[in-house]
Amino acid sequence: MCSPYRIELAGLALLVLAGCNKGPATDLPVRQLGSRAVIDSALTAGLSRSAVSEDPRAALYYDNAAAVNTGRRLFGQYNCSGCHSNGGGGMGPSLMDDEWIYGGRLEQIHQTLVEGRPNGMPSWGGKVPDEQLWQLAAYVRSMSLPATLAAQNGSTPSQAPAPVPREADDHAGWSPPPNTTNDYTTITTGPQ
Amino acid sequence: MRFPSTILLALAPLAAVAQTVPAPVPANEVFAREEIGHALAEPTPQAGRTAPSAANAPEDDGQWTMPSKNYASTRFSALTELTPQNVKGLQPLFTFSLAVNKGQEAAPIVADNTMFVVTAYPNYVYALDLTKPGAPLKWKFAPKPLPASQGVACCDVVNRGGSVSNGKYIFNTLDGQTIALDVNSGKPLWRTRLGNINTGESITMAPLVAKGRVYVGNSGGELGVRGWITALDENTGKLLWKAYNTGPDRDVLIGPGFNPPYAMDRGTDLGVKSWPPQAWKIGGGNVWGWITYDAELDTLYHGTANPGPWNADQRPGDNKWTAGIFARDPASGTARWFYQFSPHDEHDYDGINEQILLDMPFAGRMDKVLIHFDRNGYIYIIQRATGKVLSADPFGPVNTSRGVDLATGRLILNPAKQTKLGQVVGNICPTASGAKDWNPSSFSPQTGLLYIPHENICMDWMNMQVSYIAGTPYVGANVHMKPGPGGHRGELTAWDPVRRAPVWVDKENFPIWSGTVVTAGDLVFYGTMDGWFKAVNARTGELAWRAKVDSGIISQPISYRGPDGHQYIAVLSGVGGWSGVVVSGPVDPRDGSAALGMVNVMSDLPKYTTAGGTLYVFALPH
C-alpha cells in the first residue's frame with residue numbers, strides 16, 4: 001500500500017512551490033500577513049525588538065507541547081526534512097544551531113515559511129493551512145532549545161521537541177553548540 | 001594509514017554521540033572479490049597491449065581542453081619532466097583565490113596559454129594569462145545564476161567544469177543554463193536555458209563538446225526530477241535533440257535501431273511499464289555525471305542516475321532507464337543499446353560515473369571496450385559496439401549483491417541487504433554515494449593500469465513513505481553512513497583491467513573525492529579531503545610527494561605544458577560536495593542523518609580542514 005500518488009495530504013501532490021525571488025511579485029505575503037504593514041526579519045532573536053508589535057497569532061504556539069509535536073510530524077510530511085534533515089541541514093541550512101539568518105522569533109520563522117527565502121527556501125503561504133505553518137515554526141524553534149538538544153538520543157536529533165518557552169524570544173542564542181560548523185565561540189580541537 | 005577503531009572508541013566519551021565517527025563495518029560483512037567477480041573468459045594478456053585508440057586519444061599537445069583530457073577519458077598526460085625521483089622538488093608557482101568557499105569539483109582547463117576555471121555557485125569563470133609572471137587575470141565572467149538554485153542542489157552547489165572548443169569556453173550554471181564565452185573577451189556568445197529550478201532541476205555536470213555539438217544533462221534525482229540528456233549546436237546554442245531517460249520510447253528516443261544486449265531491456269515503452277502508473281514522470285534517471293564520445297564508433301555513452309524516490313517500495317519494477325548506461329547516436333540522440341547496472345535500485349546507486357574507452361585484449365583478441373566504475377561497487381568492462389558485459393568485478397566493499405549474472409546481465413541481489421519500509425537494514429555496502437562517486441579515474445597506457453579514487457563507506461538505511469511536492473526533496477529514506485571494513489574511508493586503487501585485479505591500494509582516512517591524473521613520468525596525482533595534494537608512484541603506489549593546501553581537495557587535477565615548455569600540475573582546493581558539505585555548508589554534525597546520511601561518517605572533517613577555494617599551480621623550480 002504505498003503508491004506514490006495516494007498521498008495523505010490531499011491536494012499537495014500538484015503543488016509547485018516557488019522560490020520567493022522568481023518573476024513578478026505575487027500577492028501571497030500580503031494575503032497571509034493581513035493588516036501588518038511593515039515586517040522585520042533579519043534580527044537575531046531577542047537582541048533587539050522591532051518597532052512593529054508582535055504578531056498576536058504567535059501567542060498560541062508558545063508553551064504548547066501539542067504544537068511542536070504536530071510540527072514534527074508536518075516537518076516530515078511536507079518534505080522539510082528532505083532539505084533540513086532532522087534539523088542538521090543539507091540542501092537547506094541547519095535549523096538546530098540557534099543561528100537565524102531571518103530571525104528566530106516564532107513570527108519571524110512563520111514569515112520565513114510564508115514567504116520563502118531567496119537562497120532556495122520555498123514559500124508555503126497559501127499552500128498549507130496557516131495553523132500548520134505556526135506549528136512548524138514552533139517545532140523549528142524548538143530544535144535548538146537546550147531541552148530538545150538534551151533529549152537527543154543517538155545520531156537523530158529533534159525527535160523529542162520541548163515546547164517553546166516565551167523566554168526563547170528574549171534570548172540572544174542559547175549555549176553555542178560545541179564543535180559545530182557555525183560555532184565561533186568555543187574551540188574546535190584538531191585531530192588527536 | 002589505517003584508522004584503528006580503538007582510537008575512535010577512545011575519543012567517544014569526549015564528544016556527543018552524533019559527532020563520533022561510527023565503528024567500521026566488520027570485514028566478514030562483505031564478499032570476497034574472488035567470490036562475486038565474473039568474466040566471460042579467462043584473461044589473455046598476451047593477445048595485445050591495452051591502450052586508447054588514436055581517434056579517441058590523439059597525441060598529447062600539452063594542453064588540457066576538456067575535463068577528461070581526451071574522448072577516451074584517460075586523463076593521461078604524456079609529459080615526462082616530473083618523475084618519482086625529481087617530484088620532491090615540486091613547488092607552488094602561483095595560487096589564485098576563487099572567491100567562493102564551496103566545494104570546487106572542476107578541472108582547470110588550459111588552451112592557447114590561457115587557463116580557465118569555473119567555480120561552484122555562483123559559477124564565476126576566470127581566465128588567467130599563463131604567458132605572464134603570476135598568471136594575471138584576463139577576464140572574469142559572473143553568470144549570476146538564480147540564488148534559489150542553491151536550495152535545489154542536493155549535495156553542495158558544485159560545478160564539474162567546462163571545456164574549450166573553437167574559441168569558446170562552454171560551461172553550465174547551477175540554475176540550468178549552458179553558456180558559451182568568447183575565450184578572448186569573456187563575452188557570452190550564446191546562453192541557453194535548459195533547466196527549471198521550480199521543479200527541483202539544476203545542472204552541475206561538465207558539458208561534453210564533440211563534433212560541433214554540446215551535450216548536457218540535468219541533476220535533481222533527489223527531487224523527483226525526470227532525467228534527460230540534450231544536444232545543442234556548438235555555434236548557436238540551439239537545441240538539436242533531447243532524450244528523456246524515463247517514459248515512453250518516443251521520449252527516450254528508442255526506435256527500430258535499439259539493440260540492447262539482454263532480454264531484460266527488450267520490449268515496448270519499458271520506461272513506462274517498469275514503473276507504477278505515472279511514477280516515471282518523477283522518477284529521476286538524471287545525467288549529472290560524465291558523457292563520453294567515441295570518435296571511433298561515432299557513438300555517445302552516458303550513464304543514468306538513481307531512480308526516485310530512494311524509497312524503492314514506492315516504485316515496484318525495474319524502473320527503466322535509470323541506474324544504467326545508454327549508447328546513443330550523437331547526431332539524432334536515438335538509442336543504440338542500454339545496460340542497467342542496478343535494476344530497481346534500492347541504494348541510490350547512480351550509474352553516472354565516467355567511462356574510459358580502451359582497446360583491450362579479451363578472450364584471445366583485441367576488443368573495443370568501455371570501462372565503467374559503478375557506485376554499486378563493480379568495475380564493468382563492456383563491449384562498446386554491443387553493450388555486452390565482458391566482466392564485472394568488485395573494487396570496493398560489496399554485500400548488496402553477489403555478482404553479475406553474465407548470461408542475463410542482471411545484478412544478483414542479496415536479499416539480506418534489500419531496504420525495507422520502517423525498518424533499519426544495517427551495514428549495507430557500498431554506501432549510497434557508492435564504492436566510488438563521480439570523481440574520475442585515469443588510465444596510463446604505460447603501466448596498463450587504471451587509477452581509481454574511491455570510497456570505503458557503508459550505511460544503515462530505513463525506507464520512509466514520502467509524498468511528491470514539486471521543488472522539494474523526494475527521497476524517503478533515513479540513512480546513516482559508517483566506515484567500511486578497516487575503518488579508513490578512502491582508497492586509491494591501481495587496477496589491472498586485463499587480469500581483473502588490483503595491483504596496489506593506498507588507504508586514506510577520508511573518502512577520496514578528487515579525480516586522478518596520471519603522467520608519462522609514472523606519477524599519479526590526487527587530492528585528499530583533509531587538504532593534501534599527493535603524487536604517488538604509478539607502479540608501486542608509494543608516496544613520492546605531497547603538499548598541504550588551504551582546504552580539502554575534491555576537484556580534478558590536470559598536467560599541462562606551460563608556454564616555457566615545462567610541465568605544470570594544476571588543481572583546485574575547496575572542500576565540499578556531498579561528503580564535504582559538513583564543512584562547506586551550514587550543516588550540523590550533531591545530526592547524523594544530515595546531508596542524506598553523509599554527516600554521520602564525516603562529522604570529524606571540521607577538525608581537519610575549513611572551507612576554501614583556491615587554484616594551485618605547481619612546477620619544478622626553473
# chains A, B, ... in the order shown; residues from 1 in each chain; ligands from 1
call {"tool": "residues_around", "arguments": {"residues": "Ala160 (chain A)", "least_positions_apart": "2", "cutoff": "10 Å", "atoms": "only C-alpha atoms", "output": "ChimeraX atom specification"}}
result
/A:68-69,72,142-143,147-153,157-158,162-163
call {"tool": "write_last_selection", "arguments": {"atoms": "N, CA and C atoms", "output": "PDB file, in the first residue's frame"}}
result
ATOM      1  N   VAL A  68       4.439  21.660  18.976  1.00  0.00           N
ATOM      2  CA  VAL A  68       5.750  21.205  18.498  1.00  0.00           C
ATOM      3  C   VAL A  68       5.687  19.760  18.020  1.00  0.00           C
ATOM      4  N   ASN A  69       4.832  18.971  18.653  1.00  0.00           N
ATOM      5  CA  ASN A  69       4.732  17.578  18.207  1.00  0.00           C
ATOM      6  C   ASN A  69       4.041  17.462  16.855  1.00  0.00           C
ATOM      7  N   ARG A  72       6.502  18.547  14.304  1.00  0.00           N
ATOM      8  CA  ARG A  72       7.473  17.499  13.974  1.00  0.00           C
ATOM      9  C   ARG A  72       6.919  16.576  12.882  1.00  0.00           C
ATOM     10  N   SER A 142      11.978  24.970  18.397  1.00  0.00           N
ATOM     11  CA  SER A 142      12.262  24.024  19.478  1.00  0.00           C
ATOM     12  C   SER A 142      13.570  23.266  19.255  1.00  0.00           C
ATOM     13  N   MET A 143      13.940  23.083  17.998  1.00  0.00           N
ATOM     14  CA  MET A 143      15.098  22.234  17.689  1.00  0.00           C
ATOM     15  C   MET A 143      16.362  22.635  18.447  1.00  0.00           C
ATOM     16  N   ALA A 147      16.577  22.049  26.083  1.00  0.00           N
ATOM     17  CA  ALA A 147      15.827  20.855  26.495  1.00  0.00           C
ATOM     18  C   ALA A 147      15.708  19.860  25.350  1.00  0.00           C
ATOM     19  N   THR A 148      15.500  20.353  24.136  1.00  0.00           N
ATOM     20  CA  THR A 148      15.373  19.457  22.988  1.00  0.00           C
ATOM     21  C   THR A 148      16.725  18.803  22.678  1.00  0.00           C
ATOM     22  N   LEU A 149      17.784  19.620  22.754  1.00  0.00           N
ATOM     23  CA  LEU A 149      19.118  19.079  22.471  1.00  0.00           C
ATOM     24  C   LEU A 149      19.492  18.016  23.507  1.00  0.00           C
ATOM     25  N   ALA A 150      19.108  18.274  24.772  1.00  0.00           N
ATOM     26  CA  ALA A 150      19.466  17.334  25.838  1.00  0.00           C
ATOM     27  C   ALA A 150      18.744  16.004  25.648  1.00  0.00           C
ATOM     28  N   ALA A 151      17.578  16.064  25.014  1.00  0.00           N
ATOM     29  CA  ALA A 151      16.796  14.839  24.849  1.00  0.00           C
ATOM     30  C   ALA A 151      17.284  13.992  23.686  1.00  0.00           C
ATOM     31  N   GLN A 152      18.287  14.500  22.943  1.00  0.00           N
ATOM     32  CA  GLN A 152      18.761  13.722  21.795  1.00  0.00           C
ATOM     33  C   GLN A 152      19.395  12.419  22.235  1.00  0.00           C
ATOM     34  N   ASN A 153      18.966  11.354  21.592  1.00  0.00           N
ATOM     35  CA  ASN A 153      19.456  10.032  21.936  1.00  0.00           C
ATOM     36  C   ASN A 153      19.941   9.396  20.637  1.00  0.00           C
ATOM     37  N   PRO A 157      18.647  13.923  15.873  1.00  0.00           N
ATOM     38  CA  PRO A 157      18.166  14.930  16.818  1.00  0.00           C
ATOM     39  C   PRO A 157      16.695  15.288  16.607  1.00  0.00           C
ATOM     40  N   SER A 158      16.171  16.154  17.449  1.00  0.00           N
ATOM     41  CA  SER A 158      14.849  16.787  17.301  1.00  0.00           C
ATOM     42  C   SER A 158      13.693  15.805  17.324  1.00  0.00           C
ATOM     43  N   ALA A 162      10.943  19.986  22.830  1.00  0.00           N
ATOM     44  CA  ALA A 162      10.381  20.646  24.007  1.00  0.00           C
ATOM     45  C   ALA A 162       9.512  21.811  23.547  1.00  0.00           C
ATOM     46  N   PRO A 163       8.451  22.146  24.303  1.00  0.00           N
ATOM     47  CA  PRO A 163       7.640  23.322  23.949  1.00  0.00           C
ATOM     48  C   PRO A 163       8.497  24.582  24.005  1.00  0.00           C
TER      49      PRO A 163
END
call {"tool": "residues_around", "arguments": {"residues": "Leu596 (chain B)", "least_positions_apart": "5", "cutoff": "10 Å", "atoms": "only C-alpha atoms", "output": "MDAnalysis selection string"}}
result
(chainID A and resid 81:85 89:91) or (chainID B and resid 154:155 222 432:433 475 477:481 578:579)
call {"tool": "atom_distance", "arguments": {"atom1": "CA of Thr400 (chain B)", "atom2": "CA of Asp345 (chain B)"}}
result
10.5 Å
call {"tool": "residues_around", "arguments": {"residues": "Pro497 (chain B)", "least_positions_apart": "5", "cutoff": "12 Å", "atoms": "only C-alpha atoms", "output": "ChimeraX atom specification"}}
result
/B:39,43-45,49-51,356,358-362,369-373,378-382,390-395,443-445,447-452,502-503
call {"tool": "write_last_selection", "arguments": {"atoms": "N, CA and C atoms", "output": "short mmCIF file (atom, residue, chain, number, x, y, z; two decimals), in the first residue's frame"}}
result
data_model
loop_
_atom_site.label_atom_id
_atom_site.label_comp_id
_atom_site.auth_asym_id
_atom_site.auth_seq_id
_atom_site.Cartn_x
_atom_site.Cartn_y
_atom_site.Cartn_z
N ALA B 39 33.75 -13.12 -15.23
CA ALA B 39 34.13 -12.69 -16.58
C ALA B 39 33.70 -13.77 -17.56
N PRO B 43 41.60 -14.27 -18.47
CA PRO B 43 42.46 -13.21 -19.00
C PRO B 43 43.43 -13.73 -20.06
N THR B 44 43.62 -12.96 -21.14
CA THR B 44 44.58 -13.31 -22.19
C THR B 44 45.47 -12.11 -22.46
N PRO B 45 46.35 -11.79 -21.50
CA PRO B 45 47.17 -10.58 -21.65
C PRO B 45 48.08 -10.64 -22.88
N ARG B 49 48.25 -5.17 -26.27
CA ARG B 49 48.51 -4.15 -25.27
C ARG B 49 47.27 -3.26 -25.10
N THR B 50 46.93 -2.93 -23.87
CA THR B 50 45.77 -2.10 -23.62
C THR B 50 46.11 -0.63 -23.83
N ALA B 51 45.32 0.05 -24.66
CA ALA B 51 45.56 1.46 -24.94
C ALA B 51 44.32 2.06 -25.58
N ILE B 356 35.86 4.95 -19.48
CA ILE B 356 37.14 5.11 -20.17
C ILE B 356 37.12 4.17 -21.37
N LEU B 358 38.81 2.07 -24.22
CA LEU B 358 40.10 1.44 -24.48
C LEU B 358 39.96 0.30 -25.49
N ASP B 359 41.08 -0.01 -26.13
CA ASP B 359 41.21 -1.26 -26.88
C ASP B 359 41.97 -2.20 -25.97
N MET B 360 41.43 -3.39 -25.74
CA MET B 360 41.95 -4.25 -24.68
C MET B 360 41.90 -5.71 -25.10
N PRO B 361 42.92 -6.49 -24.72
CA PRO B 361 42.84 -7.91 -25.04
C PRO B 361 41.77 -8.61 -24.19
N PHE B 362 40.91 -9.36 -24.86
CA PHE B 362 39.91 -10.14 -24.13
C PHE B 362 39.60 -11.40 -24.93
N VAL B 369 36.43 -1.69 -25.80
CA VAL B 369 35.64 -1.74 -24.57
C VAL B 369 35.50 -0.35 -23.95
N LEU B 370 34.51 -0.25 -23.08
CA LEU B 370 34.46 0.89 -22.17
C LEU B 370 34.53 0.34 -20.76
N ILE B 371 35.23 1.07 -19.90
CA ILE B 371 35.37 0.64 -18.52
C ILE B 371 34.62 1.62 -17.64
N HIS B 372 33.70 1.08 -16.86
CA HIS B 372 32.85 1.92 -16.01
C HIS B 372 32.96 1.42 -14.57
N PHE B 373 33.14 2.36 -13.66
CA PHE B 373 33.33 2.02 -12.24
C PHE B 373 32.03 2.40 -11.54
N TYR B 378 31.06 -2.39 -8.67
CA TYR B 378 31.72 -3.23 -9.68
C TYR B 378 32.41 -2.39 -10.75
N ILE B 379 33.52 -2.92 -11.23
CA ILE B 379 34.13 -2.41 -12.46
C ILE B 379 33.54 -3.22 -13.60
N TYR B 380 32.84 -2.53 -14.47
CA TYR B 380 32.25 -3.21 -15.62
C TYR B 380 33.14 -2.99 -16.83
N ILE B 381 33.44 -4.07 -17.53
CA ILE B 381 34.09 -3.95 -18.83
C ILE B 381 33.05 -4.34 -19.86
N ILE B 382 32.71 -3.38 -20.69
CA ILE B 382 31.57 -3.52 -21.61
C ILE B 382 32.04 -3.33 -23.03
N LEU B 390 31.54 -7.89 -20.46
CA LEU B 390 32.57 -8.94 -20.57
C LEU B 390 33.02 -9.40 -19.19
N SER B 391 33.09 -8.46 -18.25
CA SER B 391 33.45 -8.84 -16.89
C SER B 391 32.91 -7.80 -15.92
N ALA B 392 32.67 -8.23 -14.69
CA ALA B 392 32.23 -7.31 -13.62
C ALA B 392 32.84 -7.80 -12.32
N ASP B 393 33.72 -6.98 -11.77
CA ASP B 393 34.46 -7.36 -10.55
C ASP B 393 34.32 -6.27 -9.50
N PRO B 394 34.17 -6.65 -8.22
CA PRO B 394 34.08 -5.63 -7.17
C PRO B 394 35.43 -4.98 -6.92
N PHE B 395 35.41 -3.65 -6.68
CA PHE B 395 36.66 -2.95 -6.36
C PHE B 395 36.56 -2.26 -5.01
N PHE B 443 43.86 6.48 -16.71
CA PHE B 443 44.46 5.26 -17.24
C PHE B 443 45.80 5.60 -17.89
N SER B 444 46.83 4.81 -17.57
CA SER B 444 48.13 5.00 -18.20
C SER B 444 48.42 3.88 -19.18
N PRO B 445 48.61 4.22 -20.46
CA PRO B 445 48.98 3.18 -21.43
C PRO B 445 50.37 2.60 -21.13
N THR B 447 51.60 1.86 -17.95
CA THR B 447 51.50 0.81 -16.93
C THR B 447 50.36 -0.15 -17.22
N GLY B 448 49.43 0.27 -18.08
CA GLY B 448 48.25 -0.55 -18.36
C GLY B 448 47.28 -0.57 -17.19
N LEU B 449 47.44 0.37 -16.25
CA LEU B 449 46.62 0.34 -15.04
C LEU B 449 45.63 1.52 -15.01
N LEU B 450 44.51 1.27 -14.32
CA LEU B 450 43.52 2.30 -14.04
C LEU B 450 43.75 2.80 -12.63
N TYR B 451 43.65 4.10 -12.41
CA TYR B 451 43.87 4.67 -11.08
C TYR B 451 42.54 5.22 -10.56
N ILE B 452 41.96 4.45 -9.64
CA ILE B 452 40.57 4.68 -9.22
C ILE B 452 40.54 5.34 -7.84
N PRO B 502 43.37 -5.78 -8.43
CA PRO B 502 44.15 -4.61 -8.02
C PRO B 502 45.64 -4.94 -7.99
N VAL B 503 46.47 -3.97 -8.32
CA VAL B 503 47.91 -4.15 -8.26
C VAL B 503 48.46 -3.55 -6.96
#
call {"tool": "select_by_dssp", "arguments": {"residues": "region 295-473 of chain B", "states": "helix (DSSP H, G or I)", "output": "VMD selection string"}}
result
chain B and resid 312 to 314 415 to 417
call {"tool": "atom_distance", "arguments": {"atom1": "CA of Val164 (chain B)", "atom2": "CA of Ile554 (chain B)"}}
result
21.7 Å
call {"tool": "residues_around", "arguments": {"residues": "Trp513 (chain B)", "least_positions_apart": "4", "cutoff": "10 Å", "atoms": "only C-alpha atoms", "output": "mmCIF file with C-alpha atoms, in the first residue's frame"}}
result
data_model
loop_
_atom_site.group_PDB
_atom_site.id
_atom_site.type_symbol
_atom_site.label_atom_id
_atom_site.label_comp_id
_atom_site.auth_asym_id
_atom_site.auth_seq_id
_atom_site.Cartn_x
_atom_site.Cartn_y
_atom_site.Cartn_z
ATOM 1 C CA GLU B 105 34.911 19.971 -8.301
ATOM 2 C CA LYS B 436 33.048 5.328 -5.936
ATOM 3 C CA ASP B 437 31.247 8.535 -6.791
ATOM 4 C CA TRP B 438 31.544 10.988 -9.717
ATOM 5 C CA ASN B 439 35.260 11.795 -9.346
ATOM 6 C CA PRO B 440 37.045 10.365 -12.342
ATOM 7 C CA PRO B 453 39.919 7.263 -6.489
ATOM 8 C CA HIS B 454 37.145 5.908 -4.302
ATOM 9 C CA GLU B 455 35.361 5.357 -1.019
ATOM 10 C CA GLY B 490 39.052 6.220 1.149
ATOM 11 C CA TYR B 526 45.227 13.241 -6.421
ATOM 12 C CA GLY B 527 43.962 15.321 -3.509
ATOM 13 C CA THR B 528 42.527 14.415 -0.133
ATOM 14 C CA MET B 529 39.615 15.906 1.754
ATOM 15 C CA GLY B 552 40.371 19.893 1.292
ATOM 16 C CA ILE B 553 40.569 18.843 -2.373
ATOM 17 C CA ILE B 554 37.607 17.369 -4.269
ATOM 18 C CA SER B 555 38.447 18.615 -7.785
ATOM 19 C CA GLN B 556 40.121 17.215 -10.886
ATOM 20 C CA VAL B 575 36.326 21.108 0.233
ATOM 21 C CA GLY B 576 32.626 20.418 -0.124
ATOM 22 C CA GLY B 577 30.477 18.208 -2.289
ATOM 23 C CA TRP B 578 28.164 15.663 -0.740
ATOM 24 C CA SER B 579 30.899 14.300 1.512
ATOM 25 C CA GLY B 580 32.331 17.689 2.478
#
call {"tool": "residues_around", "arguments": {"residues": "Gly284 (chain B)", "least_positions_apart": "4", "cutoff": "7 Å", "atoms": "only C-alpha atoms", "output": "list in words"}}
result
Gly221, Gly224, Val225, Arg226, Gly227, Ala305, Asn306, Pro307 and Gly308 of chain B
call {"tool": "write_last_selection", "arguments": {"atoms": "N, CA, C and O atoms", "output": "JSON list (two decimals), in the first residue's frame"}}
result
[["chain", "number", "residue", "atom", "x", "y", "z"],
["B", 221, "GLY", "N", 17.81, 14.16, -9.13],
["B", 221, "GLY", "CA", 17.29, 12.84, -8.79],
["B", 221, "GLY", "C", 16.82, 12.73, -7.35],
["B", 221, "GLY", "O", 16.09, 11.81, -7.01],
["B", 224, "GLY", "N", 12.81, 14.27, -7.42],
["B", 224, "GLY", "CA", 11.80, 13.77, -8.35],
["B", 224, "GLY", "C", 11.87, 14.40, -9.72],
["B", 224, "GLY", "O", 10.87, 14.54, -10.41],
["B", 225, "VAL", "N", 13.05, 14.79, -10.16],
["B", 225, "VAL", "CA", 13.21, 15.41, -11.48],
["B", 225, "VAL", "C", 13.46, 14.31, -12.51],
["B", 225, "VAL", "O", 14.29, 13.44, -12.31],
["B", 226, "ARG", "N", 12.74, 14.38, -13.61],
["B", 226, "ARG", "CA", 12.88, 13.40, -14.67],
["B", 226, "ARG", "C", 14.17, 13.68, -15.45],
["B", 226, "ARG", "O", 14.40, 14.81, -15.90],
["B", 227, "GLY", "N", 15.00, 12.68, -15.61],
["B", 227, "GLY", "CA", 16.32, 12.87, -16.20],
["B", 227, "GLY", "C", 16.29, 13.00, -17.71],
["B", 227, "GLY", "O", 15.49, 12.36, -18.38],
["B", 305, "ALA", "N", 21.21, 8.27, -13.68],
["B", 305, "ALA", "CA", 21.32, 8.27, -12.23],
["B", 305, "ALA", "C", 20.23, 7.43, -11.58],
["B", 305, "ALA", "O", 19.43, 6.78, -12.25],
["B", 306, "ASN", "N", 20.20, 7.51, -10.25],
["B", 306, "ASN", "CA", 19.28, 6.70, -9.46],
["B", 306, "ASN", "C", 17.82, 7.00, -9.79],
["B", 306, "ASN", "O", 17.46, 8.11, -10.16],
["B", 307, "PRO", "N", 16.95, 5.99, -9.58],
["B", 307, "PRO", "CA", 15.52, 6.26, -9.67],
["B", 307, "PRO", "C", 15.05, 6.98, -8.42],
["B", 307, "PRO", "O", 15.66, 6.88, -7.36],
["B", 308, "GLY", "N", 13.95, 7.73, -8.54],
["B", 308, "GLY", "CA", 13.39, 8.42, -7.39],
["B", 308, "GLY", "C", 12.00, 7.89, -7.10],
["B", 308, "GLY", "O", 11.31, 7.45, -8.02]]
call {"tool": "residues_around", "arguments": {"residues": "region 90-104 of chain B", "least_positions_apart": "4", "cutoff": "8 Å", "atoms": "only C-alpha atoms", "output": "NGL selection string"}}
result
:B and (86 or 119-122 or 134-135 or 156-160 or 545 or 553-555 or 572-577 or 580-581 or 584-585 or 611-621)
call {"tool": "closest_atom_pairs", "arguments": {"of": "chain B", "to": "chain A", "cutoff": "6 Å", "atoms": "only C-alpha atoms", "output": "CSV"}}
result
residue,atom,partner,partner_atom,distance
B:Val17,CA,A:Gly154,CA,5.9
B:Ala18,CA,A:Ser155,CA,4.3
B:Pro147,CA,A:Asn119,CA,4.9
B:Ala148,CA,A:Gly120,CA,3.7
B:Ser149,CA,A:Gly120,CA,6.0
B:Gln150,CA,A:Gly120,CA,5.5
B:Gly151,CA,A:Gly120,CA,3.6
B:Cys154,CA,A:Met91,CA,5.6
B:Asn198,CA,A:Ala18,CA,5.6
B:Gln314,CA,A:Cys2,CA,5.5
B:Tyr468,CA,A:Ala13,CA,5.7
B:Ile469,CA,A:Ala13,CA,5.5
B:Ala470,CA,A:Val16,CA,4.9
B:Gly471,CA,A:Leu17,CA,5.9
B:Pro473,CA,A:Gly82,CA,4.9
B:Pro586,CA,A:Pro93,CA,4.8
B:Val587,CA,A:Gly89,CA,4.9
B:Asp588,CA,A:Gly88,CA,4.6
B:Asp591,CA,A:Gly88,CA,4.8
B:Gly592,CA,A:Ser155,CA,4.9
B:Ala594,CA,A:Ser85,CA,5.0
B:Ala595,CA,A:Gly90,CA,4.2
B:Lys607,CA,A:Gly190,CA,4.6
call {"tool": "write_last_selection", "arguments": {"atoms": "C-alpha atoms", "output": "PDB file, in the first residue's frame"}}
result
ATOM      1  CA  VAL B  17      27.254  10.706  20.346  1.00  0.00           C
ATOM      2  CA  ALA B  18      26.405  12.045  16.925  1.00  0.00           C
ATOM      3  CA  PRO B 147      20.135  32.354  -5.922  1.00  0.00           C
ATOM      4  CA  ALA B 148      17.231  29.999  -5.255  1.00  0.00           C
ATOM      5  CA  SER B 149      19.083  27.325  -7.231  1.00  0.00           C
ATOM      6  CA  GLN B 150      21.178  26.781  -4.117  1.00  0.00           C
ATOM      7  CA  GLY B 151      18.137  25.295  -2.433  1.00  0.00           C
ATOM      8  CA  CYS B 154      21.167  18.057  -3.445  1.00  0.00           C
ATOM      9  CA  ASN B 198      10.994  25.427  -9.643  1.00  0.00           C
ATOM     10  CA  GLN B 314       7.149   3.207  -3.766  1.00  0.00           C
ATOM     11  CA  TYR B 468       5.910  14.239  -4.012  1.00  0.00           C
ATOM     12  CA  ILE B 469       5.847  18.023  -3.642  1.00  0.00           C
ATOM     13  CA  ALA B 470       7.396  19.704  -6.675  1.00  0.00           C
ATOM     14  CA  GLY B 471      10.609  21.523  -5.890  1.00  0.00           C
ATOM     15  CA  PRO B 473      13.257  16.516  -1.971  1.00  0.00           C
ATOM     16  CA  PRO B 586      25.598  25.179   7.054  1.00  0.00           C
ATOM     17  CA  VAL B 587      25.294  21.624   8.309  1.00  0.00           C
ATOM     18  CA  ASP B 588      25.381  20.432  11.897  1.00  0.00           C
ATOM     19  CA  ASP B 591      22.573  15.261  13.029  1.00  0.00           C
ATOM     20  CA  GLY B 592      23.928  12.017  11.564  1.00  0.00           C
ATOM     21  CA  ALA B 594      22.088  15.393   7.690  1.00  0.00           C
ATOM     22  CA  ALA B 595      23.239  15.683   4.079  1.00  0.00           C
ATOM     23  CA  LYS B 607      38.665  19.093  12.779  1.00  0.00           C
TER      24      LYS B 607
END
call {"tool": "closest_residue", "arguments": {"among": "B:Gly237, B:Pro330, B:Gly267, B:Gly161", "to": "Gly289 (chain B)", "atoms": "only C-alpha atoms"}}
result
B:Gly161
call {"tool": "residues_around", "arguments": {"residues": "Leu113 (chain A)", "least_positions_apart": "5", "cutoff": "7 Å", "atoms": "only C-alpha atoms", "output": "ChimeraX atom specification"}}
result
/A:123-125,133
